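Written below as structure tokens is the structure these notes are about.
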Amino acid sequence: MTLLLSTTSTMYAQEETGITVTGTVTDSQGVPLPGVNIKEQNTTNGTLTDFDGNYTITVSDGEATLVFSYVGMKTAEIPVKGESSIDIQMADDAQSLDEVVLVGYGKQKKISVVGAQSTIKADELELPVANLGTMLAGRISGITGVQRSGLPGYDGADLWIRGISSFGNAYPLVLVDGVERSLDNINPRDIASFSILKDASATAVYGIRGANGVILIETKKGKIGKPQITLDYFEGVTHFTKTPDLVDGITYMNLANEALTTRGDLPKYSQEYIDATASGENPLLYPNVNWMDEVFKSYGRNRQALINVTGGAESARYYVSLGYYNETGLFQTDPNVSYDSGTGFERYNFTSNLTLDLTKTTDINVGIQGYLSDGNYPGTPTSANISLEDQIFGTALEAPPVEYPVLYPGGYVPGRSANGGLRNPYAEVALRGYRTITRTNLNTNLNLNQQLSFITEGLSLHGLFAFDSFNEQNVARSKRESTYFVDANFPYTEDGGLLLNETYTGTNFLGYDRSNGGNRRFYTQVSVNYDRSFGKHSVSGLLLANRTDYSNAFAGNFTEAIPFRNEGLAGRATYSYDDRYFLEVNAGYNGSENFAPNNRYGFFPSLAVGWVVSNEKFFEPIKEHIDYFKLRYSDGLVGSDSGAGRFAYLNRVESGQDGYYFSENRQYVDGIAQTYYGVDVVWAEARKQDLGIEINAFDSRLSLITDFFYERTEGAFLNRSDIPNYIGLTTDPYGNIGVTENKGFDGTLNYSHQFQELRLSFRGTFSYNKNKIVENGVPEQPYPWLNRQGTGLLANVGYVAERLFTLEDDLDGDGFITTEDGFPTQFGQIQPGDIKYSDLNGDGQIDAFDRKVIGDGDVPALTYGFGITAIYKGFDASLFFQGQSFSDRFIGGYGIRPFIGDGGEGNIYTTSLDRWTTENNDAYATYPRLSFSASGIGQTNNNQNSTWWLRDIDFLRLKTAEVGYTFKETFSKKFGVDDFRIYMRATNLFTLSKFDLWDPELNTNNGGRYPNISVVSLGGTFQF
């Protein structure tokens, strides 16, 4: 690795007796290094960096040389050359690799870390997107991430560490500056370090909160020196990665007629009507609308402006940043309305960290972070089950292209249904009013560090108090206008105008509705730390207590209004000998309100060992090629209280249940019933084991870190399915009955090489896991393929589709497939061209006993990424690819299954053109024989979830590409700038996948979700 050096040439503290130099020392990952030894060469003058890596030293003159040394880093000799500020990034020393990394509740030398963790440089996360989580998959080993939607303000990714390992909540704990917070709205330029903790030894100290892994984020702190200002701005163009490709109106009508006539019904559209539509002479009477074009714009934009300032003296350092992000969405708007129904999201970020040295042994850090965001969206009503994007996309996929035009003259909204069904997609997105969502979030934390060396060397006390507050206001100004329809048989009035027949009576004024949400969190933590070396022996210890109080300010019931509380104790003890042998013991003792008092607390220990083989004498002969070789192993327990619900040991009695009619007047009275049966459940426990290997080779140009892991969870909370109905329970109680296993491997590979002035580097990551259900409390099934034991947690279940029936299968020639033709009964009447299913139990009938596991689910088992970076003089360029494998989903619903709505409603994908017909008697055509309406022949049979509708959603995507140029210092100085870089960045440029209906990451079975976006941006970074 190379030594990075940045200087500021203007001297601000020079006297006749010498020159004062200040700066910050970081490791190769950009993490500040405390305790770095800094000496003026050939003198006894020296100092050490503080906890945040800052230093101040006065040297004899401007020609002096500073020597930076630290265990695990290569010693650096830097000429002062009259500079007053020198920041350096020290290079790894392959002999020991002892740079400091973040671990649970503290920091450790990298060589001593025996837990499984992964890190990423913060500058790799500085990308033109609103949500940090969307950029993590493939960049950091152990992370599985899927971006389910691209809607501005709702474009976060689902994240898991080492996949899904058990029932219930599987999302990781995210800690920002030691406090549980979301990473969705963090400004990436405020991040100093980013790590994930993956195994029991790394997460045990977090107790139940760390059961699914931990993401650690530390924000930037101030640096000693004059104010340093960084300004970054970019402007980007956005467009969709992929939108549904639907048939045109002519094709739609021909397919509809085919679906009817080939099933023995009359056609819906006459040839005259089809010809009139094809001519385009009168689109108001014979429309042909591409609803995707009418609902979406082709391009949008995003932009971001960031500024941060850092500086300070030895006793007080500060870091302050402001950020602004704006993105316009791609929903269409109507130019004739007086309100803004466009889709847009903007956010203002603020971060401030102030560090004060109260004494030589006492320092405090006051941190304030927060954001204010405003989202503007169409006024289309939403509900708990139907999102804005689902509603708008749903109408576009439901409305046929020939049903009605976009608008009638005068702005009248077309519509055919008297009850308001089959809605106009354009009206839904552009004429339903608008909705605004305002969110404010304030995070505060106060840290106190007290060195207790007067008691014994290496002893310290740490305290943390945090208060976080979140508020949301949702204001809906919505309306729904009247709809009209023109009958093509009687289209005009006597004076020649369009005869508009009102089909739905609405309103043309904006209503008003609002809702509020919010929460607050108090967090308190106190710890005692010990870290000391005795010759070749090093020991450290941690004792910690914490408590969290979380309140939902707008809870919907009394139970949810009670503050959520958890508290715990944590401990850690480490020992190392001669940087060769390492031992670490961790433990968490946690309490949960979900359990009865006698089961409330759980103890979860872990043990880890490490061996740096390359520090052994017998390894020296091969050190010329392999610089560093380390083995580590960890084994431990983690606990979970997720899945059983709050106060799981208490019975719940509710009113508003089934009642009875009393008296002669039959007055109905609501009943009171027990709706939840309290059970004395206990902690679910997972045993996690991890074997890790770390290798550096060829003078540290090549590095590999890989881990193999196994996890078994016992006592997971599930509803009991083995209780007979005759017992009379209204609901199935919970029990500690679930058992699962999860195993896999993950790793990171890095390689870099210097070719004179050209530097090339490669980085690749991979994360693979395979989970399975061992026990789920379901009784033994009649047939083995019906049992879920041994299958994946998210496995897709359905029928095995062998092929399509063909004309040759209709042995008796009656046009139907029946038992007379030698086939089992399936679902209703079926004909040649319909799907043929496997009769797994051979009983001559296709039914629920013939369903089995046929797919893995939509969370990939394998996530990977790889990229290359090239730097030549002032130029830099990089490419990064991200992919996923072993994932699938069922496709279905409007658009995918033709004419499935009542009355044959539904748009159609162009893939339906490859379909079975009597002329195309292909048993493996993409689509079965068409049928019209929900009750059409073959519709029930063909719309079963089966392998026919299961699609592989694996992909490889060019996630990011960037090219930049950093101007020489002599050029920058002319404009009063210390450093100046321009760049072009792009995300989601293209995707390679067998699945081409919509973006494979979207959480939808028919493409009815706001697509993910591709961004091409141009920007610049200035440092003063």
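Chain labels follow the order of the structure tokens: the first chain is A, the next B, and so on; residue numbering restarts at 1 in every chain, and ligands are counted from 1 in their shown order.
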
Using DSSP on the backbone, list every residue of segment 376-590 of chain A that comes out as strand (DSSP E), and give them as a ChimeraX atom specification. /A:376-378,413-414,433-451,459-478,483-485,501-504,513-534,537-552,564-577,581-590

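Candidate residues A:Val114, A:Leu125, A:Val475, A:Ile562 were compared for distance to Ser515 of chain A, and the nearest is A:Val475, using only C-alpha atoms.
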
At what distance in Å, to one decimal, does atom CA of Val113 of chain A lie from atom CA of Asp363 of chain A? 26.3 Å

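Going from atom CA of Gly874 of chain A over to atom CA of Gly1019 of chain A, you cover 16.1 Å.
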
So which residues touch segment 224-231 of chain A within 7 Å, counting only C-alpha atoms, skipping near sequence neighbours fewer than 5 positions away, as a PyMOL selection string? chain A and resi 22-23+54-55+85+306-314+317+1021-1024
